[in-house]
$ cat work_2.txt   # compact mmCIF, C-alpha atoms
# COMPACT_ATOMS: atom_id res chain seq x y z
CA MET A 1 23.75 33.92 -77.59
CA ASN A 2 25.39 33.14 -74.26
CA LYS A 3 22.33 34.21 -72.25
CA HIS A 4 20.53 30.94 -72.89
CA LYS A 5 20.50 28.80 -69.76
CA ALA A 6 20.99 25.08 -70.40
CA LYS A 7 17.92 23.03 -69.54
CA LYS A 8 18.50 19.85 -67.60
CA HIS A 9 15.26 18.17 -68.77
CA PHE A 10 16.45 18.51 -72.39
CA GLY A 11 19.88 17.10 -71.47
CA GLN A 12 21.55 20.29 -72.68
CA ASN A 13 25.32 20.70 -72.38
CA PHE A 14 26.84 23.08 -74.89
CA LEU A 15 30.19 22.49 -76.58
CA THR A 16 32.14 25.58 -77.58
CA ASP A 17 35.68 24.42 -78.45
CA LYS A 18 36.00 25.44 -82.12
CA ASN A 19 38.96 23.17 -82.89
CA LEU A 20 37.07 20.16 -81.58
CA LEU A 21 33.87 21.09 -83.42
CA ASN A 22 35.82 21.48 -86.66
CA LYS A 23 37.50 18.11 -86.07
CA ILE A 24 34.12 16.40 -85.60
CA VAL A 25 32.88 17.79 -88.92
CA GLU A 26 36.09 16.69 -90.65
CA GLU A 27 35.78 13.15 -89.26
CA ALA A 28 32.13 13.02 -90.32
CA GLY A 29 33.19 13.49 -93.95
CA VAL A 30 30.00 15.26 -95.03
CA GLU A 31 31.33 17.53 -97.77
CA ASN A 32 28.58 18.18 -100.35
CA LYS A 33 26.23 15.78 -98.55
CA ASP A 34 22.75 16.17 -97.10
CA VAL A 35 23.09 16.31 -93.33
CA ILE A 36 20.69 15.92 -90.42
CA GLU A 37 21.74 17.46 -87.12
CA ILE A 38 19.92 16.50 -83.92
CA GLY A 39 19.82 19.12 -81.18
CA PRO A 40 21.77 22.01 -82.71
CA GLY A 41 21.46 24.02 -79.48
CA MET A 42 23.01 27.42 -80.08
CA GLY A 43 24.45 26.35 -83.42
CA ALA A 44 28.04 25.67 -82.33
CA LEU A 45 28.34 22.56 -84.51
CA THR A 46 25.83 23.81 -87.09
CA GLN A 47 28.00 26.75 -88.10
CA PHE A 48 30.75 24.33 -89.19
CA LEU A 49 28.37 21.91 -90.90
CA VAL A 50 26.80 24.56 -93.15
CA LYS A 51 30.25 25.45 -94.51
CA VAL A 52 30.81 22.02 -96.05
CA ALA A 53 27.45 20.23 -96.39
CA SER A 54 25.12 20.55 -99.34
CA THR A 55 22.15 20.94 -96.98
CA VAL A 56 21.70 20.81 -93.20
CA THR A 57 18.35 19.96 -91.63
CA ALA A 58 18.51 20.57 -87.88
CA TYR A 59 15.94 19.29 -85.38
CA GLU A 60 15.61 21.32 -82.16
CA ILE A 61 13.07 20.76 -79.39
CA ASP A 62 13.84 23.89 -77.33
CA LEU A 63 11.78 26.78 -78.71
CA ASP A 64 13.75 29.29 -76.61
CA LEU A 65 16.66 28.76 -79.01
CA LYS A 66 14.63 30.06 -81.95
CA PRO A 67 16.15 33.59 -81.96
CA VAL A 68 19.70 32.21 -82.20
CA LEU A 69 18.93 29.52 -84.76
CA ASN A 70 16.72 31.79 -86.86
CA GLN A 71 19.66 34.16 -87.26
CA LEU A 72 21.89 31.29 -88.32
CA GLU A 73 19.23 30.10 -90.77
CA LYS A 74 18.89 33.63 -92.16
CA HIS A 75 22.59 33.78 -93.03
CA ASN A 76 22.88 30.25 -94.45
CA ASN A 77 20.48 29.34 -97.23
CA ASN A 78 21.45 25.66 -97.02
CA LEU A 79 20.18 25.41 -93.42
CA THR A 80 16.63 24.43 -92.40
CA VAL A 81 15.74 24.30 -88.71
CA LYS A 82 12.72 22.23 -87.67
CA TYR A 83 11.41 22.76 -84.15
CA GLU A 84 10.34 19.18 -83.67
CA ASP A 85 11.17 16.22 -81.45
CA ILE A 86 13.27 13.88 -83.61
CA LEU A 87 11.83 10.86 -81.76
CA LYS A 88 8.27 11.84 -82.70
CA THR A 89 9.09 12.83 -86.27
CA ASP A 90 9.49 10.69 -89.37
CA ILE A 91 12.96 11.12 -90.79
CA PRO A 92 12.43 12.29 -94.39
CA ASN A 93 13.05 9.55 -96.95
CA ASP A 94 13.51 11.85 -99.94
CA LYS A 95 17.32 11.63 -99.88
CA ILE A 96 20.25 9.73 -98.44
CA TYR A 97 21.29 11.53 -95.25
CA ASP A 98 24.34 11.60 -93.00
CA VAL A 99 23.76 12.51 -89.37
CA VAL A 100 26.09 14.59 -87.21
CA ALA A 101 25.05 15.35 -83.66
CA ASN A 102 25.92 15.88 -80.03
CA ILE A 103 22.93 13.95 -78.73
CA PRO A 104 21.38 14.30 -75.25
CA TYR A 105 22.53 11.49 -72.95
CA ASN A 106 19.01 10.81 -71.68
CA ILE A 107 17.71 9.75 -75.13
CA THR A 108 20.86 8.23 -76.65
CA SER A 109 19.54 4.69 -77.23
CA PRO A 110 16.16 5.70 -78.73
CA ILE A 111 17.90 8.06 -81.16
CA ILE A 112 20.45 5.44 -82.21
CA PHE A 113 17.73 2.83 -82.81
CA LYS A 114 15.70 5.35 -84.82
CA LEU A 115 18.73 5.92 -87.05
CA LEU A 116 19.32 2.17 -87.43
CA GLU A 117 15.72 1.68 -88.58
CA SER A 118 15.93 4.49 -91.14
CA SER A 119 17.50 2.79 -94.15
CA ASN A 120 18.28 6.10 -95.90
CA ILE A 121 20.68 7.13 -93.12
CA ASN A 122 24.10 6.40 -94.64
CA SER A 123 26.23 7.31 -91.63
CA ALA A 124 26.03 8.94 -88.22
CA THR A 125 28.82 10.70 -86.35
CA LEU A 126 27.61 11.05 -82.78
CA MET A 127 28.91 12.42 -79.52
CA VAL A 128 27.63 10.37 -76.60
CA GLN A 129 28.54 9.52 -73.03
CA LYS A 130 31.97 7.85 -73.07
CA GLU A 131 30.77 4.62 -71.46
CA VAL A 132 28.08 4.27 -74.14
CA CYS A 133 30.69 4.73 -76.87
CA ASP A 134 32.94 2.15 -75.19
CA ARG A 135 30.04 -0.30 -75.17
CA ILE A 136 29.10 0.26 -78.80
CA THR A 137 32.70 -0.10 -80.03
CA SER A 138 33.65 -3.01 -77.72
CA LYS A 139 34.88 -6.41 -78.91
CA PRO A 140 33.74 -9.94 -78.00
CA GLY A 141 35.22 -11.18 -74.72
CA THR A 142 35.25 -7.74 -73.06
CA LYS A 143 33.04 -6.58 -70.17
CA ASP A 144 31.37 -3.83 -72.25
CA TYR A 145 30.26 -6.20 -75.04
CA ASN A 146 26.48 -6.69 -74.91
CA ALA A 147 23.30 -7.00 -76.98
CA LEU A 148 23.39 -3.31 -77.95
CA THR A 149 26.92 -3.77 -79.29
CA VAL A 150 25.94 -6.72 -81.48
CA ILE A 151 22.74 -5.19 -82.84
CA ILE A 152 24.31 -1.84 -83.74
CA ASN A 153 27.29 -3.56 -85.37
CA TYR A 154 24.93 -5.68 -87.47
CA TYR A 155 23.44 -2.58 -89.09
CA MET A 156 26.50 -0.36 -89.02
CA GLU A 157 30.27 -0.52 -89.26
CA VAL A 158 31.36 1.27 -86.09
CA THR A 159 34.58 3.11 -85.25
CA LYS A 160 35.57 5.27 -82.30
CA VAL A 161 36.76 8.74 -83.31
CA MET A 162 37.89 10.45 -80.11
CA ASN A 163 37.37 11.04 -76.41
CA VAL A 164 36.04 14.43 -75.30
CA SER A 165 36.70 15.84 -71.83
CA LYS A 166 33.70 16.99 -69.81
CA LYS A 167 35.61 20.25 -69.15
CA LEU A 168 34.91 21.37 -72.73
CA PHE A 169 31.15 21.63 -72.06
CA ARG A 170 29.05 24.34 -70.43
CA PRO A 171 27.64 23.51 -67.97
CA ILE A 172 30.22 20.85 -67.14
CA PRO A 173 28.49 17.42 -67.04
CA LYS A 174 29.38 14.69 -64.56
CA VAL A 175 30.90 12.37 -67.16
CA ASP A 176 33.27 12.48 -70.13
CA SER A 177 32.04 12.06 -73.69
CA ALA A 178 33.30 10.37 -76.84
CA VAL A 179 32.59 10.57 -80.56
CA PHE A 180 31.98 7.50 -82.69
CA LYS A 181 31.02 7.05 -86.31
CA MET A 182 28.76 4.38 -87.74
CA ARG A 183 28.39 3.69 -91.45
CA ARG A 184 25.60 1.58 -92.98
CA ARG A 185 26.54 -2.03 -93.78
CA GLU A 186 24.97 -4.19 -96.44
CA LYS A 187 22.13 -6.35 -95.15
CA GLU A 188 23.04 -9.99 -94.53
CA LEU A 189 19.59 -11.13 -93.45
CA ASN A 190 16.10 -10.59 -94.83
CA ASP A 191 13.48 -8.66 -92.81
CA ASP A 192 12.06 -11.72 -91.05
CA GLU A 193 15.53 -13.03 -90.26
CA GLU A 194 16.50 -9.63 -88.84
CA LYS A 195 13.61 -9.73 -86.36
CA LEU A 196 14.70 -13.23 -85.30
CA PHE A 197 18.34 -12.09 -85.08
CA ILE A 198 17.43 -9.28 -82.67
CA GLU A 199 15.34 -11.69 -80.60
CA ILE A 200 18.20 -14.21 -80.46
CA VAL A 201 20.77 -11.57 -79.51
CA LYS A 202 18.62 -10.02 -76.76
CA SER A 203 17.75 -13.47 -75.40
CA SER A 204 21.40 -14.55 -75.43
CA PHE A 205 22.35 -11.66 -73.14
CA HIS A 206 19.20 -11.92 -71.01
CA GLN A 207 21.21 -13.02 -67.97
CA LYS A 208 24.89 -12.33 -68.53
CA ARG A 209 26.10 -14.93 -66.04
CA LYS A 210 24.15 -17.72 -67.68
CA THR A 211 25.44 -19.64 -70.68
CA LEU A 212 24.25 -18.96 -74.20
CA LEU A 213 22.61 -22.39 -74.19
CA ASN A 214 20.62 -21.74 -70.99
CA ASN A 215 19.50 -18.25 -72.04
CA LEU A 216 18.29 -19.39 -75.46
CA SER A 217 16.58 -22.49 -74.09
CA PHE A 218 14.75 -20.43 -71.45
CA SER A 219 13.73 -17.54 -73.75
CA PHE A 220 12.56 -19.63 -76.69
CA GLU A 221 11.32 -22.60 -74.63
CA VAL A 222 13.36 -24.96 -76.79
CA ASN A 223 14.99 -28.22 -75.75
CA LYS A 224 18.68 -27.70 -74.80
CA GLU A 225 19.81 -30.66 -76.88
CA LYS A 226 18.38 -29.11 -80.06
CA ILE A 227 20.05 -25.76 -79.40
CA ASN A 228 23.31 -27.53 -78.59
CA GLU A 229 23.20 -29.22 -82.01
CA LEU A 230 23.07 -25.80 -83.67
CA LEU A 231 25.88 -24.47 -81.51
CA GLN A 232 28.07 -27.42 -82.45
CA LYS A 233 27.57 -26.57 -86.14
CA LEU A 234 29.02 -23.15 -85.33
CA ASN A 235 31.88 -24.69 -83.31
CA VAL A 236 30.52 -22.96 -80.19
CA ASN A 237 30.96 -24.69 -76.85
CA SER A 238 27.69 -25.33 -74.95
CA ASN A 239 29.19 -23.60 -71.88
CA GLU A 240 30.03 -20.41 -73.78
CA ARG A 241 28.50 -17.12 -72.71
CA ALA A 242 27.01 -14.58 -75.13
CA GLU A 243 29.80 -12.06 -74.45
CA ASN A 244 32.22 -14.35 -76.32
CA ILE A 245 30.06 -14.82 -79.43
CA THR A 246 30.96 -12.76 -82.49
CA LEU A 247 28.52 -10.88 -84.69
CA GLU A 248 29.22 -13.34 -87.50
CA GLN A 249 28.33 -16.29 -85.25
CA PHE A 250 25.05 -14.63 -84.23
CA ILE A 251 24.22 -14.10 -87.91
CA GLU A 252 25.00 -17.73 -88.75
CA LEU A 253 22.98 -18.93 -85.75
CA THR A 254 20.01 -16.93 -87.04
CA LYS A 255 20.33 -18.45 -90.51
CA ILE A 256 20.23 -22.04 -89.20
CA TRP A 257 17.79 -21.42 -86.34
CA ASN A 258 14.81 -22.76 -88.29
CA ASN A 259 16.52 -26.17 -88.39
CA ILE A 260 15.46 -26.70 -84.78

$ encode --input "work_2.txt" --output "structure tokens"
Amino acid sequence: MNKHKAKKHFGQNFLTDKNLLNKIVEEAGVENKDVIEIGPGMGALTQFLVKVASTVTAYEIDLDLKPVLNQLEKHNNNLTVKYEDILKTDIPNDKIYDVVANIPYNITSPIIFKLLESSNINSATLMVQKEVCDRITSKPGTKDYNALTVIINYYMEVTKVMNVSKKLFRPIPKVDSAVFKMRRREKELNDDEEKLFIEIVKSSFHQKRKTLLNNLSFSFEVNKEKINELLQKLNVNSNERAENITLEQFIELTKIWNNI
């Protein structure tokens, strides 16, 4: 098992601390649930998941890990390993799933957005680069708060679980990690409104130093006076920057946007 050499192009860093792995599974709260694991590697996390979950479907891109994972699959009849790229695969929609994964840093955002778009993903407990976790769990008015923060928090209720030292990985990466959990929220906007919401949020943060008013006016090619009227309805100052606007204010702005 230990002979496998981590592959940089797959973003592989293997976690072996059993107490930490057990803690992650506990925090995920996946007892008797159907679980998807992304990048099981040598099965360090998988071996704890299969003990509590109803089923575990693991997606692994590295075919050299087949001998290890096939053995694990052989001894756990609730485990199915699929040697597929999660980003090129349709997440099955036959059940409600909870995701638990130590995801490669180089594809963190695409994986998170794939999970957001899959409405049958109930929750995801993910280990990511610490600075990414800090961004996702940041609050309005802080330097880490950005469009990604707002969009993820629209779809999911997000909480930070723990920091994880880089020294617990093999090979040791350059940065520390952190675990966060996101749980599906009820939709507040319809599908068309959601598309507009994402457009508004991304436009608002287009240039962080510019005001919300200037960014929206530039991106949507709308008269500043008209946008200012909407902002006043939300009690938002025309000189405010996007980093100080709450998720709720972005949602309300989306709802009244068509009044322009």

$ residues_around --input "work_2.txt" --residues "stretch 240-245 of chain A" --least-positions-apart "4" --cutoff "7 Å" --atoms "only C-alpha atoms" --output "ChimeraX atom specification"
/A:140-141,145-146,204-205,210-212,236,249-250

$ axis_aligned_box --input "work_2.txt" --around "stretch 75-88 of chain A" --padding-each-side "8 Å" --output "lines of an AutoDock Vina configuration file"
center_x = 15.6
center_y = 22.3
center_z = -89.3
size_x = 30.6
size_y = 38.9
size_z = 31.8

$ atom_distance --input "work_2.txt" --atom1 "atom CA of A:Tyr105" --atom2 "atom CA of A:Ser177"
9.6 Å

$ residues_around --input "work_2.txt" --residues "stretch 184-201 of chain A" --least-positions-apart "4" --cutoff "8 Å" --atoms "only C-alpha atoms" --output "list in words"
Ile121, Asn122, Ser123, Ala147, Val150, Ile151, Tyr154, Tyr155, Met156, Glu157, Phe205, Leu216, Phe250, Ile251, Thr254 and Lys255 of chain A

$ atom_distance --input "work_2.txt" --atom1 "atom CA of A:Val100" --atom2 "atom CA of A:Ala44"
12.3 Å

$ residues_near_point --input "work_2.txt" --point "(11.7, 27.7, -88.3)" --cutoff "10 Å" --atoms "only C-alpha atoms" --output "PyMOL selection string"
chain A and resi 58-60+63+66-67+69-70+73+80-84

$ closest_residue --input "work_2.txt" --among "A:Thr159, A:Asn93, A:Gln129, A:Asn215" --to "A:Thr108" --atoms "all atoms listed in the file"
A:Gln129

$ closest_residue --input "work_2.txt" --among "A:Ile152, A:Leu79, A:Leu15, A:Val68" --to "A:Ala101" --atoms "only C-alpha atoms"
A:Leu15

$ atom_distance --input "work_2.txt" --atom1 "atom CA of A:Leu230" --atom2 "atom CA of A:Asn153"
22.7 Å

$ residues_around --input "work_2.txt" --residues "A:Lys160" --least-positions-apart "2" --cutoff "7 Å" --atoms "all atoms listed in the file" --output "VMD selection string"
chain A and resid 137 158 162 179 to 181

$ residues_near_point --input "work_2.txt" --point "(29.5, 15.2, -79.9)" --cutoff "12 Å" --atoms "only C-alpha atoms" --output "PyMOL selection string"
chain A and resi 12-17+20-25+27-28+37-41+44-46+99-105+108+124-130+133+160-166+168-169+176-181

$ decode --input "work_2.txt" --residues "stretch 179-191 of chain A" --atoms "all heavy atoms" --output "PDB file, in the first residue's frame"
ATOM      1  N   VAL A 179     -10.904  21.766   6.901  1.00  0.00           N
ATOM      2  CA  VAL A 179     -12.127  21.032   6.543  1.00  0.00           C
ATOM      3  C   VAL A 179     -13.320  21.949   6.776  1.00  0.00           C
ATOM      4  O   VAL A 179     -13.401  22.623   7.804  1.00  0.00           O
ATOM      5  CB  VAL A 179     -12.285  19.760   7.402  1.00  0.00           C
ATOM      6  CG1 VAL A 179     -13.589  19.033   7.058  1.00  0.00           C
ATOM      7  CG2 VAL A 179     -11.087  18.838   7.218  1.00  0.00           C
ATOM      8  N   PHE A 180     -14.219  21.996   5.799  1.00  0.00           N
ATOM      9  CA  PHE A 180     -15.474  22.721   6.005  1.00  0.00           C
ATOM     10  C   PHE A 180     -16.623  21.833   5.572  1.00  0.00           C
ATOM     11  O   PHE A 180     -16.441  20.866   4.832  1.00  0.00           O
ATOM     12  CB  PHE A 180     -15.480  24.059   5.245  1.00  0.00           C
ATOM     13  CG  PHE A 180     -15.682  23.941   3.760  1.00  0.00           C
ATOM     14  CD1 PHE A 180     -16.947  24.091   3.196  1.00  0.00           C
ATOM     15  CD2 PHE A 180     -14.611  23.683   2.907  1.00  0.00           C
ATOM     16  CE1 PHE A 180     -17.138  23.992   1.825  1.00  0.00           C
ATOM     17  CE2 PHE A 180     -14.793  23.579   1.534  1.00  0.00           C
ATOM     18  CZ  PHE A 180     -16.058  23.730   0.999  1.00  0.00           C
ATOM     19  N   LYS A 181     -17.796  22.160   6.075  1.00  0.00           N
ATOM     20  CA  LYS A 181     -18.988  21.386   5.718  1.00  0.00           C
ATOM     21  C   LYS A 181     -20.022  22.327   5.141  1.00  0.00           C
ATOM     22  O   LYS A 181     -20.240  23.430   5.655  1.00  0.00           O
ATOM     23  CB  LYS A 181     -19.557  20.674   6.944  1.00  0.00           C
ATOM     24  CG  LYS A 181     -20.774  19.796   6.619  1.00  0.00           C
ATOM     25  CD  LYS A 181     -21.213  18.978   7.827  1.00  0.00           C
ATOM     26  CE  LYS A 181     -22.390  18.072   7.463  1.00  0.00           C
ATOM     27  NZ  LYS A 181     -22.794  17.220   8.593  1.00  0.00           N
ATOM     28  N   MET A 182     -20.642  21.913   4.051  1.00  0.00           N
ATOM     29  CA  MET A 182     -21.738  22.709   3.494  1.00  0.00           C
ATOM     30  C   MET A 182     -22.980  21.832   3.360  1.00  0.00           C
ATOM     31  O   MET A 182     -22.892  20.691   2.922  1.00  0.00           O
ATOM     32  CB  MET A 182     -21.344  23.361   2.172  1.00  0.00           C
ATOM     33  CG  MET A 182     -20.784  22.478   1.104  1.00  0.00           C
ATOM     34  SD  MET A 182     -20.211  23.459  -0.335  1.00  0.00           S
ATOM     35  CE  MET A 182     -20.025  22.167  -1.565  1.00  0.00           C
ATOM     36  N   ARG A 183     -24.099  22.393   3.788  1.00  0.00           N
ATOM     37  CA  ARG A 183     -25.371  21.666   3.762  1.00  0.00           C
ATOM     38  C   ARG A 183     -26.378  22.447   2.921  1.00  0.00           C
ATOM     39  O   ARG A 183     -26.497  23.664   3.038  1.00  0.00           O
ATOM     40  CB  ARG A 183     -25.908  21.502   5.192  1.00  0.00           C
ATOM     41  CG  ARG A 183     -27.134  20.620   5.299  1.00  0.00           C
ATOM     42  CD  ARG A 183     -27.604  20.558   6.736  1.00  0.00           C
ATOM     43  NE  ARG A 183     -26.621  19.929   7.587  1.00  0.00           N
ATOM     44  CZ  ARG A 183     -26.482  18.605   7.702  1.00  0.00           C
ATOM     45  NH1 ARG A 183     -27.248  17.798   7.004  1.00  0.00           N
ATOM     46  NH2 ARG A 183     -25.582  18.099   8.524  1.00  0.00           N
ATOM     47  N   ARG A 184     -27.103  21.733   2.064  1.00  0.00           N
ATOM     48  CA  ARG A 184     -28.025  22.352   1.099  1.00  0.00           C
ATOM     49  C   ARG A 184     -29.068  23.228   1.787  1.00  0.00           C
ATOM     50  O   ARG A 184     -29.713  22.832   2.749  1.00  0.00           O
ATOM     51  CB  ARG A 184     -28.718  21.250   0.307  1.00  0.00           C
ATOM     52  CG  ARG A 184     -29.690  21.703  -0.748  1.00  0.00           C
ATOM     53  CD  ARG A 184     -29.040  22.183  -2.007  1.00  0.00           C
ATOM     54  NE  ARG A 184     -28.128  21.217  -2.616  1.00  0.00           N
ATOM     55  CZ  ARG A 184     -27.393  21.500  -3.699  1.00  0.00           C
ATOM     56  NH1 ARG A 184     -27.467  22.691  -4.276  1.00  0.00           N
ATOM     57  NH2 ARG A 184     -26.573  20.594  -4.207  1.00  0.00           N
ATOM     58  N   ARG A 185     -29.213  24.451   1.279  1.00  0.00           N
ATOM     59  CA  ARG A 185     -30.248  25.379   1.764  1.00  0.00           C
ATOM     60  C   ARG A 185     -31.468  25.306   0.851  1.00  0.00           C
ATOM     61  O   ARG A 185     -31.375  24.869  -0.284  1.00  0.00           O
ATOM     62  CB  ARG A 185     -29.727  26.826   1.707  1.00  0.00           C
ATOM     63  CG  ARG A 185     -28.682  27.170   2.742  1.00  0.00           C
ATOM     64  CD  ARG A 185     -27.986  28.470   2.357  1.00  0.00           C
ATOM     65  NE  ARG A 185     -28.930  29.558   2.088  1.00  0.00           N
ATOM     66  CZ  ARG A 185     -29.038  30.659   2.821  1.00  0.00           C
ATOM     67  NH1 ARG A 185     -28.263  30.834   3.866  1.00  0.00           N
ATOM     68  NH2 ARG A 185     -29.895  31.595   2.504  1.00  0.00           N
ATOM     69  N   GLU A 186     -32.582  25.772   1.351  1.00  0.00           N
ATOM     70  CA  GLU A 186     -33.771  25.852   0.502  1.00  0.00           C
ATOM     71  C   GLU A 186     -33.596  26.989  -0.497  1.00  0.00           C
ATOM     72  O   GLU A 186     -33.066  28.045  -0.177  1.00  0.00           O
ATOM     73  CB  GLU A 186     -35.020  26.091   1.360  1.00  0.00           C
ATOM     74  CG  GLU A 186     -35.512  24.825   2.032  1.00  0.00           C
ATOM     75  CD  GLU A 186     -36.931  24.967   2.551  1.00  0.00           C
ATOM     76  OE1 GLU A 186     -37.718  25.727   1.958  1.00  0.00           O
ATOM     77  OE2 GLU A 186     -37.236  24.317   3.556  1.00  0.00           O
ATOM     78  N   LYS A 187     -34.067  26.762  -1.714  1.00  0.00           N
ATOM     79  CA  LYS A 187     -33.953  27.782  -2.764  1.00  0.00           C
ATOM     80  C   LYS A 187     -34.781  29.017  -2.414  1.00  0.00           C
ATOM     81  O   LYS A 187     -35.905  28.898  -1.961  1.00  0.00           O
ATOM     82  CB  LYS A 187     -34.461  27.218  -4.095  1.00  0.00           C
ATOM     83  CG  LYS A 187     -33.482  26.291  -4.786  1.00  0.00           C
ATOM     84  CD  LYS A 187     -34.151  25.517  -5.914  1.00  0.00           C
ATOM     85  CE  LYS A 187     -34.568  26.408  -7.043  1.00  0.00           C
ATOM     86  NZ  LYS A 187     -33.498  26.579  -8.064  1.00  0.00           N
ATOM     87  N   GLU A 188     -34.203  30.185  -2.634  1.00  0.00           N
ATOM     88  CA  GLU A 188     -34.941  31.438  -2.407  1.00  0.00           C
ATOM     89  C   GLU A 188     -35.295  32.131  -3.718  1.00  0.00           C
ATOM     90  O   GLU A 188     -36.080  33.070  -3.737  1.00  0.00           O
ATOM     91  CB  GLU A 188     -34.121  32.382  -1.520  1.00  0.00           C
ATOM     92  CG  GLU A 188     -33.961  31.881  -0.090  1.00  0.00           C
ATOM     93  CD  GLU A 188     -33.401  32.954   0.819  1.00  0.00           C
ATOM     94  OE1 GLU A 188     -33.952  34.075   0.823  1.00  0.00           O
ATOM     95  OE2 GLU A 188     -32.407  32.676   1.512  1.00  0.00           O
ATOM     96  N   LEU A 189     -34.693  31.657  -4.805  1.00  0.00           N
ATOM     97  CA  LEU A 189     -34.934  32.261  -6.112  1.00  0.00           C
ATOM     98  C   LEU A 189     -35.298  31.164  -7.108  1.00  0.00           C
ATOM     99  O   LEU A 189     -34.894  30.013  -6.939  1.00  0.00           O
ATOM    100  CB  LEU A 189     -33.665  32.980  -6.598  1.00  0.00           C
ATOM    101  CG  LEU A 189     -33.116  34.108  -5.715  1.00  0.00           C
ATOM    102  CD1 LEU A 189     -31.731  34.524  -6.193  1.00  0.00           C
ATOM    103  CD2 LEU A 189     -34.056  35.307  -5.712  1.00  0.00           C
ATOM    104  N   ASN A 190     -36.048  31.523  -8.145  1.00  0.00           N
ATOM    105  CA  ASN A 190     -36.327  30.532  -9.178  1.00  0.00           C
ATOM    106  C   ASN A 190     -35.109  30.402 -10.101  1.00  0.00           C
ATOM    107  O   ASN A 190     -34.125  31.132  -9.948  1.00  0.00           O
ATOM    108  CB  ASN A 190     -37.605  30.881  -9.959  1.00  0.00           C
ATOM    109  CG  ASN A 190     -37.497  32.197 -10.710  1.00  0.00           C
ATOM    110  OD1 ASN A 190     -36.459  32.525 -11.276  1.00  0.00           O
ATOM    111  ND2 ASN A 190     -38.586  32.971 -10.726  1.00  0.00           N
ATOM    112  N   ASP A 191     -35.159  29.488 -11.070  1.00  0.00           N
ATOM    113  CA  ASP A 191     -33.987  29.203 -11.902  1.00  0.00           C
ATOM    114  C   ASP A 191     -33.478  30.429 -12.664  1.00  0.00           C
ATOM    115  O   ASP A 191     -32.270  30.673 -12.733  1.00  0.00           O
ATOM    116  CB  ASP A 191     -34.306  28.075 -12.897  1.00  0.00           C
ATOM    117  CG  ASP A 191     -34.476  26.734 -12.200  1.00  0.00           C
ATOM    118  OD1 ASP A 191     -34.104  26.635 -11.016  1.00  0.00           O
ATOM    119  OD2 ASP A 191     -34.985  25.790 -12.831  1.00  0.00           O
TER     120      ASP A 191
END
